[in-house]
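Let me begin by presenting the structure, written as structure tokens, before commenting on it.
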Amino acid sequence: MKTLSILRSGCLLAGLLISAGWAQSQEDSVKIGVSEPLSGPASSLGVPVVESIKTAAEFINNNGGIDGRKIELVIRDDQSRADVAVQNFRRLAEEGVYGVIGPNQGSNALAVAPVLLETKVPMCGFQNTISITKLGNPYIFRCQTSDSDNTRAALKFASEKLGAKNVAVLYTGDAYGTEAFAALEAEAKEMNIPIVAAEKLNYGASDTTAEWTKILGAQPEAVILWGSGSTMSVALRNGSQLGNTAPIIGAQGVAAAAIIESAGAAAEGVYMVTLNAPDQVSPEQKPLSDIYKERNGEDYKLTIYDIIGWDAVHIFAEAIKYAGEDRSKVVEGLEKTQGLKLAGGTYNYAPDSHEGLGSDSVWIVQVKDGEMVGVQKGF
Amino acid sequence: MSSAEILQLVITGLTVGSIYALVGLGFNLIFNATDVINFAQGEFVVLGGILTAVAIGTVGLPLWLAAIVAIVLVAALGALIDFAAISRVKRGSVMTLAMITLGLAVIVKTSLLLWVGPDPLYFDPFTPGPPIRILGAVLQLQAIWVIGVGVLVMIALKFFFSHSRMGREMLACAIDREAAQLMGINVRATVRWSFILSGALGALAGVLITPLTNATYDQGFTLALKGFAACALGGFGRASSAILGGFALGLIEAASVAVLPSGLKDSVALSVLILALIIRPAGLLGGREERRHTQAM
């Protein structure tokens, strides 16, 4: 009887110790929220991004964590919908995350902006859309290049490298295309490059020959194509069918494997403004590239999605290192980020600039044999 | 604007118009037999394109076989829709049936998203080679296929409705369903066949246009809207009016790009539709109501 009771109290003690240990490890972890589209139309962007976020968290945890604390990801699917993204951001804040990575779509970023003001949890967004950092919202940080840098790079490349004395612009009528066009117009004026024709395409349009006819009528020396989705591959095909010989410079939204593949021969030789040259691996990309090569085979080439997810976790890790256990200091930590070299380039934030990457991180790539090949980095 | 550019816009208008016309033809078939606007018509088209692309790209079938497989499968889906949903509704109004087709359209769309994902699918044009140049304008070879097959289908449908037994039965149902039933026509079977035919026609349209437009899971709604507008512009109920309406709509769109900012293309086309319907409510060729009292077709 006595032995039994000793045994019992022993068990109890052990149990207590275990649970104490558990509580200890709970405190030792840092929660980072993720709200990305894992289903719905934007899932082809969200799924690879989340995989690279997980890879980065694992990598940091295996290398000592954030000052010994392990990263614990809380991942939620926003179903590519703005209302679900808003819900996710609220719930993640209630669960005590230090920051949220996501959302992916520009419209969803605008939808969650007011929530951030209430919850005071910073977000790391993957949008190129210029306006997201111009809302006066102190909690929105861009973890991508801004289209104001991308459009400038496109124009500089057209005039300096391609020797174009004028350009024409073909852009989609959504926020992505129209904001970029406004930036292009302003920039072109400053650089003294006339825009001889500009045509707006409806998002999702399945024919662009009428627009191309007008563009080609103006005989531009370079054509800038800004948009995303299926329409971009139609536009590339239509351009070459109508006999366009002017070089084309596409947006980051054009630099997607699915678009290049479905445009086929029409994509050959097209330049694109993007964040990485898949044929080159920088020293900062090496650890990520090695992990992905081990996972997917030696021929694996990093995509932009692999890079931005990886970088976002590292940016937060640095800021949390600064903030310690004080969640309210994460924003300050992010704003102190200077010269942080990661896979996508060098990140700089300041209280008056939440842009992250600058024009020095912009890559121009060219499609050769269906693959994107690096041409120039930094503008 | 030079004459070559104007000719180019006309060619663009005719190419795009033939796509609208093909979609419109499918609308007409079901409308004739049931009075129902089949909102899943756009999905038939997308499904035709996607199935062919998958059959060529993943399974490795030759184009002609892939196209036949896609057309047969979508026709079977048409039959299934009628069998599983439309024919089960005992006393539904036309509106109930239209809502059912709308629900089916959503089901097809989301299933396609789950199956092939959001990226565009594509296969090469039927005849490879550079586009034809006419007086400085460019005509894509695939556009000739679309226009050519569109015209052939129209002729075939005309012949089908005037000379075949089934076609005449369909027309009889269109004119007066009860009378047709009293004359011994199997109305249920006629409706079933109209769904099968319109599925096949939609899939054929999808096969023809995918080399021009790509096939994406969410294209159906826009295609259906334009096909519907083509029918409304031409006048519901006649094959020839869907063709005329389609070409008219395509040309209006192309013309609007020539004179207005191109972002307004869709709004201009649909504004013209509204205007045309206010002036001629039965459509350009006169629609169903007029036809009932005159000679059908």
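Every chain in the structure tokens has a letter given in the order shown (A, B, ...), and although residue numbers restart at 1 in each chain, ligands are simply numbered from 1 in the order shown.
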
- request: Please return, as a list in words, all residues of chain A lying within 8 Å of chain B when only C-alpha atoms are considered.
  value: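 Taking only C-alpha atoms into account, Gly40, Pro41, Ala42, Ser43, Ser44, Gly173, Glu199, Lys200, Leu201, Asn202, Gly204, Ser206, Asp207, Thr209, Ala210, Glu211, Thr213, Lys214, Gly217, Gly229, Ser230, Val234, Gln241, Leu242, Ala258, Ile259 and Ser262 of chain A sit within 8 Å of chain B.
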
- prompt: If we count only C-alpha atoms, what is near Val94 in chain B at a cut-off of 8 Å, once residues fewer than 4 positions away on the same chain are taken out, given as a list in words?
  reply: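 Within the cut-off, the hits are Thr34, Asp35, Val36 and Ala98 of chain B.
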
message: Set the distance at 10 Å and use only C-alpha atoms: which residues neighbour Arg91 in chain A once local chain neighbours fewer than 6 positions away are removed? I'd like the list as a list of chain:residue names.
response: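 Non-adjacent residues within range: A:Gly33, A:Arg76, A:Ala85, A:Val97, A:Thr119.
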
Selection above as a file: N, CA, C and O atoms, as a CSV table (one decimal), in the first residue's frame:
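Output (result.csv):
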```
chain,number,residue,atom,x,y,z
A,33,GLY,N,2.5,34.7,-36.9
A,33,GLY,CA,1.3,34.4,-37.6
A,33,GLY,C,1.5,34.4,-39.1
A,33,GLY,O,2.3,35.2,-39.6
A,76,ARG,N,-2.7,30.2,-41.1
A,76,ARG,CA,-4.2,30.3,-41.4
A,76,ARG,C,-4.4,30.5,-42.9
A,76,ARG,O,-3.6,31.3,-43.5
A,85,ALA,N,-9.3,37.0,-44.6
A,85,ALA,CA,-8.1,37.5,-44.2
A,85,ALA,C,-8.2,38.4,-43.0
A,85,ALA,O,-7.4,38.4,-42.0
A,97,VAL,N,0.4,36.6,-31.5
A,97,VAL,CA,1.6,36.6,-32.4
A,97,VAL,C,2.4,37.9,-32.3
A,97,VAL,O,1.8,38.9,-32.0
A,119,THR,N,-5.3,46.1,-33.6
A,119,THR,CA,-4.5,45.1,-32.9
A,119,THR,C,-3.1,45.5,-32.6
A,119,THR,O,-2.4,44.8,-31.8
```

message: Need to verify the contact set: range 123-131 of chain A, 7 Å, only C-alpha atoms, exclusion of same-chain residues closer than 3 positions in sequence. Can you return it as a PyMOL selection string?
response: chain A and resi 99-106+134-135+139-148+176+179+312

Residues of range 193-232 of chain A in helix (DSSP H, G or I) according to DSSP, as a short mmCIF file (atom, residue, chain, number, x, y, z; two decimals) with all heavy atoms, in the first residue's frame?
```cif
data_model
loop_
_atom_site.label_atom_id
_atom_site.label_comp_id
_atom_site.auth_asym_id
_atom_site.auth_seq_id
_atom_site.Cartn_x
_atom_site.Cartn_y
_atom_site.Cartn_z
N THR A 209 -5.66 41.90 -79.33
CA THR A 209 -5.15 42.34 -80.64
C THR A 209 -5.58 43.77 -80.95
O THR A 209 -4.83 44.50 -81.58
CB THR A 209 -5.61 41.40 -81.77
OG1 THR A 209 -6.97 41.06 -81.56
CG2 THR A 209 -4.79 40.14 -81.82
N ALA A 210 -6.79 44.17 -80.54
CA ALA A 210 -7.22 45.54 -80.81
C ALA A 210 -6.27 46.53 -80.14
O ALA A 210 -5.84 47.52 -80.74
CB ALA A 210 -8.65 45.74 -80.33
N GLU A 211 -5.93 46.25 -78.86
CA GLU A 211 -5.04 47.14 -78.12
C GLU A 211 -3.65 47.16 -78.75
O GLU A 211 -3.03 48.22 -78.88
CB GLU A 211 -4.96 46.70 -76.65
CG GLU A 211 -6.23 46.95 -75.84
CD GLU A 211 -7.29 45.86 -76.02
OE1 GLU A 211 -7.06 44.93 -76.82
OE2 GLU A 211 -8.34 45.95 -75.37
N TRP A 212 -3.18 45.98 -79.16
CA TRP A 212 -1.85 45.90 -79.79
C TRP A 212 -1.83 46.68 -81.10
O TRP A 212 -0.83 47.30 -81.45
CB TRP A 212 -1.46 44.45 -80.07
CG TRP A 212 -0.67 43.81 -78.97
CD1 TRP A 212 -1.10 42.88 -78.09
CD2 TRP A 212 0.71 44.05 -78.65
NE1 TRP A 212 -0.07 42.53 -77.23
CE2 TRP A 212 1.05 43.23 -77.56
CE3 TRP A 212 1.70 44.89 -79.18
CZ2 TRP A 212 2.31 43.22 -76.98
CZ3 TRP A 212 2.97 44.87 -78.61
CH2 TRP A 212 3.27 44.05 -77.51
N THR A 213 -2.95 46.64 -81.84
CA THR A 213 -3.00 47.36 -83.11
C THR A 213 -2.72 48.84 -82.87
O THR A 213 -1.96 49.47 -83.60
CB THR A 213 -4.38 47.18 -83.75
OG1 THR A 213 -4.63 45.79 -83.87
CG2 THR A 213 -4.44 47.83 -85.11
N LYS A 214 -3.34 49.38 -81.82
CA LYS A 214 -3.12 50.80 -81.53
C LYS A 214 -1.69 51.05 -81.06
O LYS A 214 -1.07 52.03 -81.43
CB LYS A 214 -4.10 51.27 -80.46
CG LYS A 214 -5.39 51.81 -81.08
CD LYS A 214 -6.33 52.30 -80.02
CE LYS A 214 -6.23 53.79 -79.81
NZ LYS A 214 -7.26 54.24 -78.83
N ILE A 215 -1.19 50.13 -80.22
CA ILE A 215 0.19 50.27 -79.73
C ILE A 215 1.17 50.28 -80.91
O ILE A 215 2.02 51.15 -81.03
CB ILE A 215 0.54 49.09 -78.78
CG1 ILE A 215 -0.28 49.16 -77.50
CG2 ILE A 215 2.04 49.04 -78.52
CD1 ILE A 215 0.30 49.95 -76.40
N LEU A 216 1.01 49.30 -81.81
CA LEU A 216 1.96 49.17 -82.91
C LEU A 216 1.83 50.33 -83.89
O LEU A 216 2.80 50.72 -84.54
CB LEU A 216 1.77 47.83 -83.62
CG LEU A 216 2.11 46.60 -82.77
CD1 LEU A 216 1.88 45.33 -83.53
CD2 LEU A 216 3.56 46.67 -82.30
N GLY A 217 0.62 50.91 -83.98
CA GLY A 217 0.42 52.07 -84.83
C GLY A 217 1.32 53.24 -84.43
O GLY A 217 1.71 54.06 -85.26
N SER A 230 -3.73 35.26 -66.77
CA SER A 230 -3.80 34.65 -68.10
C SER A 230 -3.68 35.67 -69.23
O SER A 230 -3.10 35.37 -70.28
CB SER A 230 -5.12 33.89 -68.19
OG SER A 230 -5.37 33.49 -69.50
N THR A 231 -4.23 36.88 -69.00
CA THR A 231 -4.20 37.91 -70.05
C THR A 231 -2.77 38.22 -70.51
O THR A 231 -2.54 38.56 -71.66
CB THR A 231 -4.85 39.20 -69.51
OG1 THR A 231 -6.14 38.86 -69.02
CG2 THR A 231 -4.99 40.25 -70.57
N MET A 232 -1.81 38.08 -69.60
CA MET A 232 -0.44 38.41 -69.96
C MET A 232 0.11 37.46 -71.02
O MET A 232 0.82 37.88 -71.92
CB MET A 232 0.45 38.37 -68.70
CG MET A 232 0.14 39.46 -67.70
SD MET A 232 0.37 41.12 -68.38
CE MET A 232 -1.30 41.65 -68.61
#
```

message: Give me, as a ChimeraX atom specification, the residues of range 19-169 of chain B that a backbone DSSP run labels strand (DSSP E or B).
response: /B:121,132-134,137-139

For all heavy atoms, I'd like the residues from the last selection saved as an mmCIF file, in the first residue's frame.
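Below you can see part.cif, which holds the result:
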```cif
data_model
loop_
_atom_site.group_PDB
_atom_site.id
_atom_site.type_symbol
_atom_site.label_atom_id
_atom_site.label_comp_id
_atom_site.auth_asym_id
_atom_site.auth_seq_id
_atom_site.Cartn_x
_atom_site.Cartn_y
_atom_site.Cartn_z
ATOM 1 N N LEU B 121 -4.375 27.282 -69.021
ATOM 2 C CA LEU B 121 -3.981 26.111 -69.814
ATOM 3 C C LEU B 121 -4.046 26.500 -71.287
ATOM 4 O O LEU B 121 -4.785 27.394 -71.682
ATOM 5 C CB LEU B 121 -4.919 24.934 -69.549
ATOM 6 C CG LEU B 121 -4.879 24.369 -68.139
ATOM 7 C CD1 LEU B 121 -5.859 23.228 -68.013
ATOM 8 C CD2 LEU B 121 -3.487 23.904 -67.787
ATOM 9 N N ILE B 132 -1.559 35.073 -91.504
ATOM 10 C CA ILE B 132 -1.659 35.569 -92.877
ATOM 11 C C ILE B 132 -1.688 37.091 -92.862
ATOM 12 O O ILE B 132 -2.345 37.692 -92.013
ATOM 13 C CB ILE B 132 -2.964 35.040 -93.525
ATOM 14 C CG1 ILE B 132 -2.914 33.522 -93.574
ATOM 15 C CG2 ILE B 132 -3.174 35.635 -94.909
ATOM 16 C CD1 ILE B 132 -4.217 32.900 -94.030
ATOM 17 N N ARG B 133 -0.995 37.713 -93.801
ATOM 18 C CA ARG B 133 -0.999 39.178 -93.883
ATOM 19 C C ARG B 133 -1.890 39.621 -95.037
ATOM 20 O O ARG B 133 -1.727 39.177 -96.159
ATOM 21 C CB ARG B 133 0.411 39.716 -94.093
ATOM 22 C CG ARG B 133 1.338 39.353 -92.960
ATOM 23 C CD ARG B 133 2.499 40.330 -92.864
ATOM 24 N NE ARG B 133 2.984 40.337 -91.492
ATOM 25 C CZ ARG B 133 2.701 41.278 -90.614
ATOM 26 N NH1 ARG B 133 1.948 42.300 -90.944
ATOM 27 N NH2 ARG B 133 3.165 41.205 -89.384
ATOM 28 N N ILE B 134 -2.879 40.473 -94.720
ATOM 29 C CA ILE B 134 -3.766 41.007 -95.742
ATOM 30 C C ILE B 134 -3.675 42.524 -95.692
ATOM 31 O O ILE B 134 -4.118 43.130 -94.711
ATOM 32 C CB ILE B 134 -5.232 40.594 -95.490
ATOM 33 C CG1 ILE B 134 -5.307 39.114 -95.133
ATOM 34 C CG2 ILE B 134 -6.106 40.923 -96.684
ATOM 35 C CD1 ILE B 134 -6.611 38.722 -94.486
ATOM 36 N N ALA B 137 -2.673 44.075 -92.533
ATOM 37 C CA ALA B 137 -3.316 43.560 -91.319
ATOM 38 C C ALA B 137 -2.970 42.078 -91.172
ATOM 39 O O ALA B 137 -2.500 41.442 -92.118
ATOM 40 C CB ALA B 137 -4.815 43.747 -91.393
ATOM 41 N N VAL B 138 -3.201 41.547 -89.986
ATOM 42 C CA VAL B 138 -2.776 40.193 -89.684
ATOM 43 C C VAL B 138 -3.978 39.333 -89.309
ATOM 44 O O VAL B 138 -4.810 39.742 -88.492
ATOM 45 C CB VAL B 138 -1.764 40.214 -88.513
ATOM 46 C CG1 VAL B 138 -1.500 38.822 -88.016
ATOM 47 C CG2 VAL B 138 -0.476 40.875 -88.943
ATOM 48 N N LEU B 139 -4.081 38.171 -89.927
ATOM 49 C CA LEU B 139 -5.165 37.245 -89.595
ATOM 50 C C LEU B 139 -4.546 35.969 -89.056
ATOM 51 O O LEU B 139 -3.771 35.302 -89.742
ATOM 52 C CB LEU B 139 -6.009 36.960 -90.842
ATOM 53 C CG LEU B 139 -7.151 35.954 -90.699
ATOM 54 C CD1 LEU B 139 -8.163 36.430 -89.660
ATOM 55 C CD2 LEU B 139 -7.847 35.749 -92.023
#
```

message: Quick one: residues within 7 Å of range 165-175 of chain B, only C-alpha atoms, excluding same-chain residues fewer than 2 positions away - as a PyMOL selection string?
response: chain B and resi 32-33+160-163+177+180+185+187+190+292

Contact residues around Ala40 in chain B with only C-alpha atoms at 8 Å, ignoring same-chain residues under 4 positions, as a VMD selection string: chain B and resid 44 101 to 102 104 to 105 220 224

N, CA, C and O atoms of the current selection, written as a PDB file, in the first residue's frame:
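Ended up saving to selection_17.pdb:
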```pdb
ATOM      1  N   PHE B  44     -19.394  25.152 -69.968  1.00  0.00           N
ATOM      2  CA  PHE B  44     -19.245  24.124 -71.010  1.00  0.00           C
ATOM      3  C   PHE B  44     -18.039  24.461 -71.888  1.00  0.00           C
ATOM      4  O   PHE B  44     -17.233  23.598 -72.236  1.00  0.00           O
ATOM      5  N   THR B 101     -29.110  26.194 -63.091  1.00  0.00           N
ATOM      6  CA  THR B 101     -27.944  26.219 -63.981  1.00  0.00           C
ATOM      7  C   THR B 101     -26.863  27.152 -63.419  1.00  0.00           C
ATOM      8  O   THR B 101     -25.669  26.874 -63.558  1.00  0.00           O
ATOM      9  N   LEU B 102     -27.292  28.204 -62.739  1.00  0.00           N
ATOM     10  CA  LEU B 102     -26.312  29.115 -62.134  1.00  0.00           C
ATOM     11  C   LEU B 102     -25.510  28.384 -61.052  1.00  0.00           C
ATOM     12  O   LEU B 102     -24.288  28.498 -60.970  1.00  0.00           O
ATOM     13  N   LEU B 104     -25.031  25.174 -60.885  1.00  0.00           N
ATOM     14  CA  LEU B 104     -24.160  24.195 -61.538  1.00  0.00           C
ATOM     15  C   LEU B 104     -22.905  24.869 -62.086  1.00  0.00           C
ATOM     16  O   LEU B 104     -21.813  24.301 -62.033  1.00  0.00           O
ATOM     17  N   ALA B 105     -23.093  26.099 -62.587  1.00  0.00           N
ATOM     18  CA  ALA B 105     -21.933  26.829 -63.116  1.00  0.00           C
ATOM     19  C   ALA B 105     -20.894  27.023 -62.016  1.00  0.00           C
ATOM     20  O   ALA B 105     -19.695  26.827 -62.234  1.00  0.00           O
ATOM     21  N   GLY B 220     -15.517  31.269 -67.612  1.00  0.00           N
ATOM     22  CA  GLY B 220     -16.867  30.947 -68.043  1.00  0.00           C
ATOM     23  C   GLY B 220     -17.852  32.093 -67.948  1.00  0.00           C
ATOM     24  O   GLY B 220     -18.639  32.322 -68.862  1.00  0.00           O
ATOM     25  N   ALA B 224     -19.955  33.555 -70.972  1.00  0.00           N
ATOM     26  CA  ALA B 224     -21.411  33.417 -70.958  1.00  0.00           C
ATOM     27  C   ALA B 224     -22.075  34.778 -71.109  1.00  0.00           C
ATOM     28  O   ALA B 224     -23.053  34.932 -71.843  1.00  0.00           O
TER      29      ALA B 224
END
```

Write out as a CSV table (one decimal) with N, CA, C and O atoms, in the first residue's frame the residues lying within 6 Å of Val254 in chain A, counting only C-alpha atoms and excluding same-chain residues fewer than 3 positions away.
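As a result, out_16.csv now contains:
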```csv
chain,number,residue,atom,x,y,z
A,228,SER,N,-1.0,40.9,-64.6
A,228,SER,CA,-0.8,39.6,-64.1
A,228,SER,C,-1.9,38.7,-64.6
A,228,SER,O,-2.9,39.2,-65.2
A,250,GLY,N,8.3,43.1,-69.3
A,250,GLY,CA,7.1,42.7,-68.5
A,250,GLY,C,7.3,43.0,-67.0
A,250,GLY,O,8.4,43.1,-66.5
A,251,ALA,N,6.2,43.1,-66.3
A,251,ALA,CA,6.2,43.3,-64.9
A,251,ALA,C,6.5,42.0,-64.1
A,251,ALA,O,6.6,40.9,-64.8
```

List as a tab-separated table every residue of range 192-263 of chain B that is in contact with range 71-80 of chain B, defined as an atom at most 7 Å from one of its atoms (using only C-alpha atoms), together with the nearest atom pair and the distance in Å rounded to one decimal, sorted by chain and then rising number.
```
residue	atom	partner	partner_atom	distance
B:Arg192	CA	B:Ala79	CA	6.0
B:Phe195	CA	B:Gly78	CA	4.9
B:Ile196	CA	B:Ala75	CA	4.6
B:Leu197	CA	B:Ala75	CA	6.5
B:Gly199	CA	B:Ala75	CA	4.3
B:Ala200	CA	B:Ala75	CA	4.6
B:Ala203	CA	B:Ile71	CA	5.1
B:Leu204	CA	B:Ile71	CA	6.1
```

So that I have them on file, write out the residues from the current selection with N, CA, C and O atoms, as a short mmCIF file (atom, residue, chain, number, x, y, z; two decimals), in the first residue's frame.
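For reference, again_19.cif as written:
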```cif
data_model
loop_
_atom_site.label_atom_id
_atom_site.label_comp_id
_atom_site.auth_asym_id
_atom_site.auth_seq_id
_atom_site.Cartn_x
_atom_site.Cartn_y
_atom_site.Cartn_z
N ARG B 192 -33.61 16.74 -73.19
CA ARG B 192 -32.36 16.04 -72.91
C ARG B 192 -31.38 16.24 -74.07
O ARG B 192 -30.22 16.58 -73.88
N PHE B 195 -29.78 19.65 -74.26
CA PHE B 195 -28.67 19.83 -73.32
C PHE B 195 -27.41 19.15 -73.85
O PHE B 195 -26.30 19.68 -73.74
N ILE B 196 -27.59 17.95 -74.42
CA ILE B 196 -26.42 17.23 -74.94
C ILE B 196 -25.78 18.03 -76.08
O ILE B 196 -24.56 18.25 -76.10
N LEU B 197 -26.63 18.50 -77.00
CA LEU B 197 -26.12 19.24 -78.15
C LEU B 197 -25.42 20.53 -77.70
O LEU B 197 -24.37 20.89 -78.22
N GLY B 199 -24.07 21.14 -74.82
CA GLY B 199 -22.80 20.79 -74.18
C GLY B 199 -21.73 20.56 -75.23
O GLY B 199 -20.61 21.07 -75.14
N ALA B 200 -22.09 19.78 -76.27
CA ALA B 200 -21.13 19.48 -77.32
C ALA B 200 -20.70 20.75 -78.05
O ALA B 200 -19.51 20.96 -78.32
N ALA B 203 -18.39 22.79 -75.82
CA ALA B 203 -17.05 22.19 -75.77
C ALA B 203 -16.30 22.45 -77.07
O ALA B 203 -15.11 22.76 -77.06
N LEU B 204 -17.02 22.34 -78.20
CA LEU B 204 -16.39 22.61 -79.50
C LEU B 204 -15.86 24.04 -79.52
O LEU B 204 -14.73 24.30 -79.96
#
```
